[in-house]
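Shown next: structure.cif, given as mmCIF, C-alpha atoms and all ligand atoms.
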```
data_protein
#
loop_
_atom_site.label_atom_id
_atom_site.label_comp_id
_atom_site.auth_asym_id
_atom_site.auth_seq_id
_atom_site.Cartn_x
_atom_site.Cartn_y
_atom_site.Cartn_z
CA MET A 401 3.31 -22.15 -15.70
CA ASN A 402 4.13 -25.10 -13.46
CA GLU A 403 0.66 -26.40 -12.48
CA SER A 404 1.92 -27.71 -9.13
CA LYS A 405 2.50 -24.17 -7.85
CA ALA A 406 -0.31 -22.07 -6.42
CA THR A 407 -0.56 -18.76 -8.32
CA SER A 408 -0.76 -16.31 -5.50
CA ALA A 409 2.58 -14.68 -4.77
CA GLY A 410 3.45 -11.04 -5.43
CA LEU A 411 6.69 -9.57 -6.74
CA TYR A 412 7.63 -6.10 -5.51
CA ILE A 413 10.47 -4.09 -7.05
CA HIS A 414 11.62 -1.11 -5.00
CA ILE A 415 12.96 1.70 -7.21
CA PRO A 416 15.07 3.76 -4.79
CA PHE A 417 15.26 7.08 -6.65
CA CYS A 418 13.42 10.38 -6.18
CA THR A 419 13.96 13.80 -7.68
CA ARG A 420 13.75 15.32 -4.20
CA LYS A 421 12.90 14.00 -0.74
CA CYS A 422 9.47 14.98 0.58
CA ALA A 423 9.42 16.39 4.11
CA TYR A 424 7.36 13.58 5.62
CA CYS A 425 8.91 10.60 3.83
CA ASP A 426 10.86 7.82 5.52
CA PHE A 427 10.91 5.39 2.59
CA PHE A 428 14.35 4.51 1.37
CA SER A 429 15.35 6.53 -1.71
CA VAL A 430 18.23 8.67 -2.96
CA THR A 431 18.20 11.79 -5.10
CA ASP A 432 21.42 10.98 -6.97
CA LEU A 433 20.07 9.46 -10.19
CA SER A 434 23.49 8.55 -11.60
CA LEU A 435 23.26 4.92 -10.43
CA ILE A 436 20.01 4.05 -12.21
CA ASN A 437 21.70 1.86 -14.83
CA ALA A 438 23.76 0.01 -12.24
CA PHE A 439 20.66 -0.45 -10.10
CA VAL A 440 18.66 -2.04 -12.93
CA ASP A 441 21.55 -4.43 -13.68
CA ALA A 442 21.70 -5.32 -9.97
CA VAL A 443 17.96 -6.09 -9.78
CA ILE A 444 18.33 -8.44 -12.74
CA CYS A 445 21.20 -10.15 -10.82
CA GLU A 446 18.97 -10.42 -7.76
CA MET A 447 16.31 -12.08 -9.93
CA GLU A 448 18.95 -14.48 -11.22
CA LEU A 449 19.92 -15.46 -7.66
CA LEU A 450 16.27 -16.06 -6.74
CA ARG A 451 15.20 -17.74 -9.95
CA ASP A 452 14.67 -21.16 -8.32
CA SER A 453 11.87 -19.75 -6.16
CA PRO A 454 9.17 -22.38 -5.65
CA LEU A 455 6.50 -19.66 -5.86
CA ALA A 456 4.20 -18.80 -8.74
CA PHE A 457 3.38 -15.10 -9.09
CA ASP A 458 0.42 -13.14 -10.38
CA THR A 459 1.45 -9.54 -9.61
CA ILE A 460 4.39 -7.24 -10.22
CA TYR A 461 4.45 -3.95 -8.35
CA LEU A 462 7.01 -1.28 -9.24
CA GLY A 463 7.05 1.02 -6.23
CA GLY A 464 9.47 3.32 -4.53
CA GLY A 465 10.87 5.84 -4.42
CA THR A 466 9.67 7.16 -7.73
CA PRO A 467 9.65 4.50 -10.45
CA SER A 468 8.77 7.17 -13.02
CA VAL A 469 12.22 8.80 -12.71
CA VAL A 470 13.62 5.63 -14.29
CA PRO A 471 13.49 5.73 -18.11
CA PRO A 472 10.65 3.52 -19.45
CA GLY A 473 13.16 1.30 -21.29
CA HIS A 474 14.49 0.21 -17.90
CA ILE A 475 10.99 -0.44 -16.61
CA SER A 476 10.45 -2.68 -19.62
CA ARG A 477 13.72 -4.49 -18.89
CA LEU A 478 12.71 -5.08 -15.26
CA ILE A 479 9.32 -6.50 -16.28
CA LYS A 480 10.87 -8.74 -18.92
CA GLY A 481 13.49 -9.83 -16.39
CA ALA A 482 10.78 -10.71 -13.85
CA VAL A 483 8.77 -12.71 -16.36
CA GLY A 484 11.94 -14.42 -17.61
CA HIS A 485 13.17 -15.45 -14.15
CA PHE A 486 9.98 -16.30 -12.26
CA ASP A 487 6.88 -18.34 -12.83
CA PHE A 488 3.91 -16.22 -13.97
CA GLY A 489 0.50 -17.22 -15.34
CA ASP A 490 -1.31 -15.39 -18.15
CA ASP A 491 -3.22 -13.02 -15.93
CA VAL A 492 -0.69 -10.74 -14.22
CA GLU A 493 -1.48 -7.42 -12.57
CA ILE A 494 1.47 -5.10 -13.28
CA THR A 495 1.36 -1.81 -11.40
CA ILE A 496 3.66 1.18 -11.59
CA GLU A 497 3.71 4.10 -9.17
CA VAL A 498 4.10 7.40 -10.99
CA ASN A 499 4.61 10.87 -9.61
CA PRO A 500 3.17 13.87 -11.44
CA GLY A 501 5.88 15.89 -13.10
CA THR A 502 8.04 12.82 -13.80
CA ALA A 503 6.05 11.06 -16.53
CA ASP A 504 4.65 12.49 -19.76
CA ARG A 505 2.25 10.96 -22.24
CA GLN A 506 5.04 9.14 -24.08
CA SER A 507 6.27 7.48 -20.87
CA MET A 508 2.72 6.36 -20.12
CA LEU A 509 2.46 4.86 -23.62
CA ASP A 510 5.81 3.15 -23.08
CA TYR A 511 4.64 1.68 -19.77
CA ARG A 512 1.56 0.27 -21.53
CA GLN A 513 3.82 -1.14 -24.22
CA ALA A 514 5.98 -2.76 -21.51
CA GLY A 515 2.91 -4.58 -20.16
CA VAL A 516 1.96 -2.30 -17.25
CA ASN A 517 -1.83 -2.56 -16.81
CA ARG A 518 -2.37 -0.60 -13.62
CA ILE A 519 -1.07 2.85 -12.76
CA ASN A 520 -0.99 4.51 -9.38
CA ILE A 521 -0.41 8.26 -9.37
CA GLY A 522 0.98 9.95 -6.25
CA VAL A 523 -1.26 13.02 -6.35
CA GLN A 524 -1.42 13.44 -2.53
CA SER A 525 -3.56 16.59 -2.79
CA PHE A 526 -5.16 18.95 -5.28
CA SER A 527 -4.33 21.91 -3.05
CA ASN A 528 -1.11 23.70 -4.00
CA THR A 529 -0.78 24.92 -0.43
CA ALA A 530 -0.87 21.34 0.85
CA LEU A 531 1.55 20.17 -1.86
CA ARG A 532 4.00 22.89 -0.86
CA PHE A 533 3.68 21.96 2.82
CA LEU A 534 4.46 18.33 1.92
CA SER A 535 7.32 19.60 -0.28
CA ARG A 536 6.06 17.62 -3.24
CA ILE A 537 7.71 18.54 -6.55
CA HIS A 538 4.43 18.89 -8.46
CA THR A 539 1.44 21.23 -8.62
CA ALA A 540 -2.26 20.42 -8.73
CA ASP A 541 -2.29 21.18 -12.48
CA GLU A 542 0.55 18.73 -13.06
CA ALA A 543 -1.35 16.10 -11.11
CA ALA A 544 -4.38 16.62 -13.35
CA ALA A 545 -2.16 16.47 -16.44
CA ALA A 546 -0.62 13.15 -15.30
CA ILE A 547 -4.10 11.65 -14.92
CA THR A 548 -5.06 12.86 -18.41
CA HIS A 549 -1.85 11.44 -19.93
CA ALA A 550 -2.49 8.09 -18.26
CA ARG A 551 -6.07 7.91 -19.50
CA ARG A 552 -5.05 8.91 -23.04
CA ALA A 553 -2.35 6.25 -22.99
CA GLY A 554 -5.14 3.72 -22.36
CA PHE A 555 -4.90 2.98 -18.64
CA LEU A 556 -8.30 1.65 -17.59
CA ASN A 557 -7.20 0.80 -14.07
CA LEU A 558 -5.95 3.99 -12.47
CA GLY A 559 -5.40 4.70 -8.79
CA LEU A 560 -4.69 7.94 -6.96
CA ASP A 561 -2.89 8.37 -3.64
CA LEU A 562 -4.04 11.12 -1.29
CA ILE A 563 -2.79 12.30 2.10
CA TYR A 564 -5.01 13.83 4.77
CA GLY A 565 -4.72 15.06 8.33
CA LEU A 566 -2.43 18.00 7.55
CA PRO A 567 -2.12 20.67 10.26
CA GLY A 568 -5.18 22.90 10.14
CA GLN A 569 -7.00 20.79 7.54
CA SER A 570 -10.76 21.09 8.02
CA PRO A 571 -13.42 18.53 7.06
CA ASP A 572 -14.46 20.97 4.28
CA ASP A 573 -10.89 21.14 2.90
CA TRP A 574 -10.67 17.36 2.85
CA GLN A 575 -14.09 16.97 1.29
CA LYS A 576 -13.07 19.34 -1.52
CA ASP A 577 -9.88 17.37 -2.16
CA LEU A 578 -11.80 14.10 -2.25
CA GLU A 579 -14.48 15.51 -4.59
CA HIS A 580 -11.74 16.81 -6.84
CA ALA A 581 -10.13 13.36 -6.99
CA VAL A 582 -13.43 11.58 -7.57
CA GLY A 583 -14.10 13.98 -10.46
CA PHE A 584 -11.43 12.06 -12.43
CA SER A 585 -13.27 8.76 -11.81
CA PRO A 586 -10.20 6.82 -10.64
CA GLU A 587 -10.81 3.10 -10.25
CA HIS A 588 -8.91 3.12 -6.98
CA LEU A 589 -8.06 5.55 -4.18
CA SER A 590 -5.54 5.13 -1.37
CA CYS A 591 -5.91 7.72 1.39
CA TYR A 592 -3.22 7.84 4.04
CA THR A 593 -3.03 9.90 7.20
CA LEU A 594 -0.03 12.18 7.44
CA THR A 595 2.45 10.75 9.93
CA TYR A 596 5.37 12.50 11.58
CA GLU A 597 8.16 9.95 11.28
CA LYS A 598 11.27 10.36 13.39
CA GLY A 599 14.26 11.46 11.35
CA THR A 600 12.22 13.23 8.68
CA PRO A 601 12.18 17.04 8.36
CA LEU A 602 8.49 17.01 9.29
CA GLY A 603 9.16 14.83 12.33
CA LYS A 604 11.79 17.33 13.41
CA MET A 605 9.41 20.25 12.87
CA LYS A 606 6.91 18.53 15.14
CA ALA A 607 9.55 17.85 17.80
CA ASP A 608 10.64 21.51 17.64
CA GLY A 609 7.04 22.71 17.96
CA GLN A 610 7.04 24.30 14.52
CA VAL A 611 3.92 22.41 13.43
CA GLU A 612 0.88 21.44 15.40
CA PRO A 613 -0.48 18.07 14.28
CA LEU A 614 -4.24 17.58 14.19
CA ASP A 615 -5.50 15.78 17.27
CA ASP A 616 -6.96 12.26 17.08
CA ASP A 617 -10.56 13.47 17.17
CA ALA A 618 -10.00 15.84 14.25
CA VAL A 619 -8.36 13.05 12.22
CA ALA A 620 -11.26 10.72 13.08
CA ASP A 621 -13.65 13.38 11.74
CA LEU A 622 -11.69 13.49 8.47
CA PHE A 623 -11.82 9.70 8.29
CA LYS A 624 -15.60 9.86 8.58
CA VAL A 625 -15.80 12.50 5.83
CA MET A 626 -13.70 10.23 3.60
CA GLN A 627 -15.97 7.24 4.21
CA ASN A 628 -19.10 9.29 3.51
CA VAL A 629 -17.83 10.98 0.34
CA LEU A 630 -16.31 7.87 -1.19
CA SER A 631 -19.20 5.57 -0.40
CA ARG A 632 -21.58 8.16 -1.90
CA HIS A 633 -19.52 8.02 -5.09
CA GLY A 634 -19.65 4.22 -5.31
CA TYR A 635 -16.31 3.25 -3.80
CA GLU A 636 -15.97 0.18 -1.62
CA GLN A 637 -13.70 0.58 1.40
CA TYR A 638 -12.01 -2.81 1.12
CA GLU A 639 -9.23 -1.89 3.53
CA ILE A 640 -8.85 0.91 6.05
CA ALA A 641 -6.99 3.21 3.62
CA ASN A 642 -8.03 1.71 0.28
CA PHE A 643 -11.13 2.20 -1.81
CA ALA A 644 -12.05 0.49 -5.08
CA LYS A 645 -14.70 1.56 -7.54
CA MET A 646 -17.45 -0.96 -8.10
CA PRO A 647 -17.67 -2.03 -11.75
CA ALA A 648 -20.69 -0.42 -13.46
CA LYS A 649 -22.83 -3.55 -13.47
CA ALA A 650 -21.86 -4.81 -10.02
CA GLU A 651 -24.90 -5.71 -7.97
CA THR A 652 -23.12 -7.25 -5.04
CA ALA A 653 -19.96 -6.32 -3.19
CA ASP A 654 -18.28 -9.53 -4.36
CA GLN A 655 -18.53 -8.39 -7.96
CA GLY A 656 -16.76 -5.21 -7.02
CA THR A 657 -13.42 -6.81 -6.36
CA SER A 658 -11.87 -6.29 -9.76
CA PHE A 659 -10.47 -2.82 -9.09
CA ARG A 660 -8.99 -3.74 -5.73
CA SER A 661 -5.21 -3.79 -5.80
CA ARG A 662 -4.47 -7.49 -6.19
CA HIS A 663 -0.89 -6.90 -5.14
CA ASN A 664 -1.61 -4.91 -1.99
CA GLN A 665 -4.15 -7.47 -0.84
CA LYS A 666 -1.26 -9.92 -0.53
CA TYR A 667 0.11 -7.88 2.36
CA TRP A 668 -3.13 -8.23 4.32
CA THR A 669 -3.97 -11.87 3.50
CA PRO A 670 -1.01 -12.40 4.07
CA ALA A 671 0.09 -14.19 0.88
CA PRO A 672 3.73 -14.77 0.01
CA TYR A 673 5.60 -11.91 -1.58
CA ILE A 674 9.17 -11.33 -2.67
CA GLY A 675 10.71 -7.86 -2.60
CA LEU A 676 13.64 -6.88 -4.82
CA GLY A 677 15.74 -3.75 -4.47
CA PRO A 678 17.24 -2.00 -1.43
CA SER A 679 15.04 -2.04 1.70
CA ALA A 680 12.46 -4.32 0.07
CA HIS A 681 10.74 -6.85 2.36
CA SER A 682 9.82 -10.44 1.57
CA PHE A 683 7.45 -12.77 3.38
CA VAL A 684 7.14 -16.48 2.81
CA GLU A 685 5.46 -18.03 5.79
CA PRO A 686 6.83 -18.28 8.44
CA GLU A 687 9.89 -16.20 7.45
CA ARG A 688 10.12 -12.48 6.93
CA ARG A 689 13.29 -10.93 5.56
CA TRP A 690 14.43 -7.60 4.28
CA ASN A 691 17.17 -6.20 2.09
CA VAL A 692 19.82 -3.67 3.06
CA ALA A 693 18.53 -0.10 2.96
CA ASP A 694 21.63 1.30 1.30
CA LEU A 695 22.11 1.55 -2.45
CA HIS A 696 25.90 1.17 -2.50
CA THR A 697 25.84 -1.91 -0.26
CA TYR A 698 23.01 -3.35 -2.35
CA LEU A 699 25.01 -2.88 -5.56
CA ALA A 700 28.23 -4.21 -4.01
CA ARG A 701 26.58 -7.38 -2.67
CA LEU A 702 25.05 -8.20 -6.02
CA GLU A 703 28.32 -7.44 -7.77
CA GLU A 704 29.76 -10.25 -5.60
CA GLY A 705 26.84 -12.52 -6.47
CA VAL A 706 25.42 -12.43 -2.93
CA LEU A 707 21.80 -11.77 -1.98
CA PRO A 708 21.57 -8.31 -0.34
CA ILE A 709 19.66 -9.50 2.73
CA GLU A 710 19.98 -7.36 5.85
CA ALA A 711 18.20 -9.72 8.23
CA SER A 712 15.43 -12.25 8.57
CA GLU A 713 13.20 -13.60 11.31
CA ILE A 714 10.95 -16.57 11.82
CA LEU A 715 7.67 -15.41 13.30
CA THR A 716 6.52 -17.14 16.47
CA GLN A 717 2.95 -18.44 16.68
CA GLU A 718 2.03 -15.49 18.96
CA GLN A 719 3.55 -12.96 16.52
CA ARG A 720 1.67 -14.56 13.65
CA LEU A 721 -1.59 -14.40 15.61
CA THR A 722 -1.04 -10.71 16.43
CA GLU A 723 -0.23 -9.90 12.81
CA THR A 724 -3.19 -11.91 11.53
CA LEU A 725 -5.64 -10.07 13.79
CA TYR A 726 -4.16 -6.70 12.91
CA LEU A 727 -3.94 -7.28 9.15
CA LYS A 728 -7.26 -9.08 8.75
CA LEU A 729 -9.18 -6.48 10.71
CA ARG A 730 -7.86 -3.85 8.30
CA THR A 731 -9.87 -5.50 5.54
CA ARG A 732 -13.54 -5.47 4.72
CA GLU A 733 -13.72 -9.27 4.94
CA GLY A 734 -12.13 -9.31 8.39
CA ILE A 735 -11.21 -12.51 10.23
CA ASP A 736 -12.33 -15.87 8.90
CA ILE A 737 -13.13 -17.37 12.31
CA PRO A 738 -13.01 -21.14 11.46
CA ARG A 739 -9.74 -20.61 9.57
CA LEU A 740 -8.17 -18.66 12.44
CA GLU A 741 -9.27 -21.37 14.89
CA HIS A 742 -7.81 -24.07 12.65
CA ILE A 743 -4.46 -22.33 12.07
CA PHE A 744 -3.87 -21.24 15.65
CA GLY A 745 -5.66 -24.05 17.48
CA LEU A 746 -7.82 -21.71 19.54
CA ASP A 747 -11.49 -21.25 20.35
CA PHE A 748 -12.38 -17.76 19.12
CA GLU A 749 -15.43 -17.36 21.33
CA GLU A 750 -13.61 -18.58 24.40
CA ARG A 751 -10.58 -16.35 23.82
CA TYR A 752 -12.14 -13.13 22.57
CA GLY A 753 -15.90 -13.52 23.24
CA ASN A 754 -16.09 -11.13 26.19
CA VAL A 755 -14.27 -8.29 24.49
CA ILE A 756 -16.05 -8.76 21.19
CA LYS A 757 -19.51 -8.71 22.79
CA ASP A 758 -18.87 -5.16 24.02
CA PHE A 759 -17.42 -4.04 20.70
CA ILE A 760 -20.49 -5.39 18.87
CA GLN A 761 -22.81 -3.49 21.23
CA GLU A 762 -20.86 -0.32 20.52
CA ASP A 763 -21.13 -0.84 16.73
CA LEU A 764 -17.36 -1.20 16.42
CA LEU A 765 -17.25 -4.86 15.35
CA ALA A 766 -19.69 -7.21 13.66
CA ILE A 767 -19.88 -10.95 13.11
CA ASP A 768 -21.60 -12.37 10.07
CA ASP A 769 -21.26 -15.63 8.20
CA GLN A 770 -18.38 -16.83 10.42
CA ARG A 771 -16.43 -13.64 9.85
CA CYS A 772 -15.51 -10.98 12.38
CA PHE A 773 -14.93 -7.54 10.90
CA LEU A 774 -14.79 -3.87 11.83
CA THR A 775 -17.86 -1.75 11.14
CA PRO A 776 -17.26 1.52 9.24
CA ARG A 777 -17.23 3.21 12.66
CA GLY A 778 -14.86 0.60 14.09
CA MET A 779 -12.40 1.20 11.24
CA ARG A 780 -11.60 4.55 12.82
CA PHE A 781 -10.32 2.80 15.94
CA LEU A 782 -8.40 -0.18 14.57
CA ASP A 783 -5.31 0.18 16.74
CA GLY A 784 -7.22 0.50 20.02
CA ILE A 785 -9.53 -2.39 19.17
CA VAL A 786 -6.70 -4.77 18.22
CA GLU A 787 -4.74 -3.83 21.31
CA MET A 788 -7.73 -4.59 23.51
CA LEU A 789 -8.40 -7.87 21.71
CA LEU A 790 -4.82 -8.93 22.25
CA ASN A 791 -4.93 -7.98 25.91
CA GLN A 792 -8.53 -9.16 26.25
CA ARG A 793 -9.53 -5.98 27.99
CA THR A 794 -12.87 -4.27 27.73
CA GLU A 795 -12.26 -0.67 28.75
CA LEU A 796 -14.29 0.73 25.92
CA GLN A 797 -13.57 4.31 26.84
CA LYS A 798 -10.12 3.72 25.35
CA VAL A 799 -11.58 3.49 21.88
CA LYS A 800 -14.91 5.29 22.13
CA ARG A 801 -15.47 8.92 21.34
S1 LIG B 901 8.27 10.98 -3.93
FE1 LIG B 901 7.48 9.37 -2.57
S2 LIG B 901 9.23 8.07 -2.07
FE2 LIG B 901 10.05 9.98 -2.97
S3 LIG B 901 10.47 11.27 -1.21
FE3 LIG B 901 8.42 11.79 -1.88
S4 LIG B 901 7.05 10.46 -0.66
FE4 LIG B 901 9.14 9.62 -0.50
#
```

Could you quickly redo this structure as structure tokens?
Amino acid sequence: MNESKATSAGLYIHIPFCTRKCAYCDFFSVTDLSLINAFVDAVICEMELLRDSPLAFDTIYLGGGTPSVVPPGHISRLIKGAVGHFDFGDDVEITIEVNPGTADRQSMLDYRQAGVNRINIGVQSFSNTALRFLSRIHTADEAAAAITHARRAGFLNLGLDLIYGLPGQSPDDWQKDLEHAVGFSPEHLSCYTLTYEKGTPLGKMKADGQVEPLDDDAVADLFKVMQNVLSRHGYEQYEIANFAKMPAKAETADQGTSFRSRHNQKYWTPAPYIGLGPSAHSFVEPERRWNVADLHTYLARLEEGVLPIEASEILTQEQRLTETLYLKLRTREGIDIPRLEHIFGLDFEERYGNVIKDFIQEDLLAIDDQRCFLTPRGMRFLDGIVEMLLNQRTELQKVKR
């Protein structure tokens, strides 16, 4: 590795294929798998065009879409291509997202062989009723089988994704799902609230009144259940939706960082990251850019030897401040006050003191060791708190329950 480069950037590869679209999903993917070979060739071309990047990387994240619908030989080719075109150190976190029903034990062994050292399985729920509602292609048994295959293939760093906040879901239902997941001792859990995105079948069902979403209070109750269950089982909530198991001998929270997703933390730091594949986003301060969200255009551009960028923007100082507050408050460490003051040339106490004082009294925010962070209770109200910080308002009833 070139010693003059800081090793902190992440490389994301968006695999835009799925066996079937889930009702709630607005990620870019197609169900026609016939272009997989062409896609892999195109990603290697994209790497070639970006090979002079001044960044040094320490993560590769194969996400999607459903990376596990791509034959493992292609996954290996993508990883080799990444390592061959960009600057990596010895210690690289390589994650693949896998959906139950699309990867067997042999694929898991092949991923290990290709250098993947972290696996994230899109379980979403252990309730078949919930899986059907979400129109997932797998069953709860297939989810359990995928976890077993991964463990037998030697994955020691395994994460599970879950979704909560489904219509009618009770705190008991959610607790059962969480206990079921924890029973497999995953090193990592990502728990996302169901959202009703415009343009998705579920979004349409909501607009047509065919489903009744849970109200905010009910979702907040589920959030609390999640915090209680996962903390009882030794998981650290290091970001609003992400929980990492503390290593067995950890005595302090700082020692518990090893099962955090190194790659995902780059989005909240924010550290530089490069995204390859259609719709993938890149961020290298102060520029953000994103690729075209269309597979044919993506392939055609790379065929011509042109980067498939849809657009880019340079963030203003105000936009960067807003994003920093929002992203940092998502994390357990929160805002590093002296650093924020240095970067943005502001006096934290002068600018936010009044609002923060009230939040601290309400046990929504805390300040310790020059850091300002959300309390477990405050994490339930991130959006409202950030909005009020930005507007420097103190109408607490907007965030209190
Ligand atoms: S498998 Fe994932 S990416 Fe594919 S449609 Fe379902 S939620 Fe979206």

Give me, as a list in words, all polymer residues having an atom no more than 9 Å from A:Thr495, counting all atoms listed in the file and skipping those fewer than 3 positions away in the same chain.
Thr459, Ile460, Tyr461, Leu462, Gly463, Val516, Asn517, Arg518, Ile519, Asn520, Ser661 and His663 of chain A

Contacts of A:Ala581 within 9 Å, all atoms listed in the file, excl. fewer than 2 positions in-chain, as a VMD selection string:
chain A and resid 523 525 to 526 560 562 576 to 579 583 to 586 589

Which residues of chain A come within 10 Å of ligand LIG 901 (chain B), and what is each one's closest atom pair and distance in Å (one decimal), counting all atoms listed in the file, sorted by chain and residue number, as JSON lines?
```
{"residue": "A:His414", "atom": "CA", "partner": "B:LIG901", "partner_atom": "S2", "distance": 9.9}
{"residue": "A:Ile415", "atom": "CA", "partner": "B:LIG901", "partner_atom": "S2", "distance": 9.0}
{"residue": "A:Pro416", "atom": "CA", "partner": "B:LIG901", "partner_atom": "S2", "distance": 7.8}
{"residue": "A:Phe417", "atom": "CA", "partner": "B:LIG901", "partner_atom": "FE2", "distance": 7.0}
{"residue": "A:Cys418", "atom": "CA", "partner": "B:LIG901", "partner_atom": "FE2", "distance": 4.7}
{"residue": "A:Thr419", "atom": "CA", "partner": "B:LIG901", "partner_atom": "FE2", "distance": 7.2}
{"residue": "A:Arg420", "atom": "CA", "partner": "B:LIG901", "partner_atom": "S3", "distance": 6.0}
{"residue": "A:Lys421", "atom": "CA", "partner": "B:LIG901", "partner_atom": "S3", "distance": 3.7}
{"residue": "A:Cys422", "atom": "CA", "partner": "B:LIG901", "partner_atom": "FE3", "distance": 4.2}
{"residue": "A:Ala423", "atom": "CA", "partner": "B:LIG901", "partner_atom": "S3", "distance": 7.5}
{"residue": "A:Tyr424", "atom": "CA", "partner": "B:LIG901", "partner_atom": "S4", "distance": 7.0}
{"residue": "A:Cys425", "atom": "CA", "partner": "B:LIG901", "partner_atom": "FE4", "distance": 4.4}
{"residue": "A:Asp426", "atom": "CA", "partner": "B:LIG901", "partner_atom": "FE4", "distance": 6.5}
{"residue": "A:Phe427", "atom": "CA", "partner": "B:LIG901", "partner_atom": "FE4", "distance": 5.5}
{"residue": "A:Phe428", "atom": "CA", "partner": "B:LIG901", "partner_atom": "S2", "distance": 7.1}
{"residue": "A:Ser429", "atom": "CA", "partner": "B:LIG901", "partner_atom": "S2", "distance": 6.3}
{"residue": "A:Val430", "atom": "CA", "partner": "B:LIG901", "partner_atom": "FE2", "distance": 8.3}
{"residue": "A:Thr431", "atom": "CA", "partner": "B:LIG901", "partner_atom": "FE2", "distance": 8.6}
{"residue": "A:Gly463", "atom": "CA", "partner": "B:LIG901", "partner_atom": "S2", "distance": 8.5}
{"residue": "A:Gly464", "atom": "CA", "partner": "B:LIG901", "partner_atom": "S2", "distance": 5.4}
{"residue": "A:Gly465", "atom": "CA", "partner": "B:LIG901", "partner_atom": "S2", "distance": 3.6}
{"residue": "A:Thr466", "atom": "CA", "partner": "B:LIG901", "partner_atom": "FE2", "distance": 5.5}
{"residue": "A:Pro467", "atom": "CA", "partner": "B:LIG901", "partner_atom": "S2", "distance": 9.1}
{"residue": "A:Ser468", "atom": "CA", "partner": "B:LIG901", "partner_atom": "S1", "distance": 9.9}
{"residue": "A:Val469", "atom": "CA", "partner": "B:LIG901", "partner_atom": "S1", "distance": 9.9}
{"residue": "A:Glu497", "atom": "CA", "partner": "B:LIG901", "partner_atom": "FE1", "distance": 9.2}
{"residue": "A:Val498", "atom": "CA", "partner": "B:LIG901", "partner_atom": "S1", "distance": 8.9}
{"residue": "A:Asn499", "atom": "CA", "partner": "B:LIG901", "partner_atom": "S1", "distance": 6.8}
{"residue": "A:Pro500", "atom": "CA", "partner": "B:LIG901", "partner_atom": "S1", "distance": 9.5}
{"residue": "A:Gly522", "atom": "CA", "partner": "B:LIG901", "partner_atom": "FE1", "distance": 7.5}
{"residue": "A:Gln524", "atom": "CA", "partner": "B:LIG901", "partner_atom": "S4", "distance": 9.2}
{"residue": "A:Leu534", "atom": "CA", "partner": "B:LIG901", "partner_atom": "FE3", "distance": 8.5}
{"residue": "A:Ser535", "atom": "CA", "partner": "B:LIG901", "partner_atom": "FE3", "distance": 8.0}
{"residue": "A:Arg536", "atom": "CA", "partner": "B:LIG901", "partner_atom": "FE3", "distance": 6.4}
{"residue": "A:Ile537", "atom": "CA", "partner": "B:LIG901", "partner_atom": "S1", "distance": 8.0}
{"residue": "A:His538", "atom": "CA", "partner": "B:LIG901", "partner_atom": "S1", "distance": 9.9}
```

Shell around A:Asp694 at 8 Å using all atoms listed in the file, local window under 3 positions removed, as a VMD selection string
chain A and resid 428 678 to 679 697 to 698

Neighbour list for A:Ile709 as JSON, numbers by chain, cut-off 8 Å, all atoms listed in the file, skip fewer than 4 positions in-chain
{"A": [689, 690, 691, 692]}

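Remark: for A:Ile479, the closest of the candidate residues A:Ala543, A:Pro454, A:Arg512, A:Ala550 is A:Arg512 (distances computed over only C-alpha atoms).
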
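Remark: for A:Gly484, the closest of the candidate residues A:Leu715, A:Met626, A:Leu740, A:Leu450 is A:Leu450 (distances computed over all atoms listed in the file).
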
Record the distance separating atom CA of A:Leu782 and atom CA of A:Leu764, expressed in Å with one decimal.
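Separation between atom CA of A:Leu782 and atom CA of A:Leu764: 9.2 Å.
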
From the list A:Gln506, A:Gln637, A:Gln569, A:Ser434, which residue is nearest A:Leu594 when using all atoms listed in the file?
A:Gln569

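A straight line drawn from atom CA of A:Leu411 to atom CA of A:Arg660 is 16.8 Å long.
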
Go through A:Phe659, A:Asp504, A:Phe486, A:Leu729 and flag the residue nearest A:Gly559, using only C-alpha atoms for the distances.
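Comparing A:Phe659, A:Asp504, A:Phe486, A:Leu729 against A:Gly559, the winner is A:Phe659.
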
Two-atom distance - atom CA of A:Glu704, atom CA of A:Cys445 (Å):
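One can read the atom CA of A:Glu704 to atom CA of A:Cys445 distance as 10.0 Å.
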
Which residue gives the smallest distance to A:Leu702 among A:Ile767, A:Leu725, A:Leu774, A:Leu676, with all atoms listed in the file counted?
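Nearest candidate to A:Leu702 out of A:Ile767, A:Leu725, A:Leu774, A:Leu676: A:Leu676.
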
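Each of A:Asn642, A:Gly609, A:Asp621, A:Ala544 was compared to A:Ser570 using only C-alpha atoms, and A:Asp621 turns out to be the nearest.
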
Would you kindly identify which residues have an atom no farther than 6 Å from (12.1, -4.8, -3.9), using only C-alpha atoms and the file's own coordinates, and write them out as a list of chain:residue names?
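Those within range, by chain then number, are A:Tyr412, A:Ile413, A:His414, A:Gly675, A:Leu676, A:Gly677, A:Ala680.
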
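Those residues that approach A:Glu703 to within 12 Å, counting only C-alpha atoms, are Ala438, Phe439, Asp441, Ala442, Val443, Ile444, Cys445, Glu446, Leu449, His696, Thr697, Tyr698 and Pro708 of chain A; same-chain residues fewer than 5 positions away are not listed.
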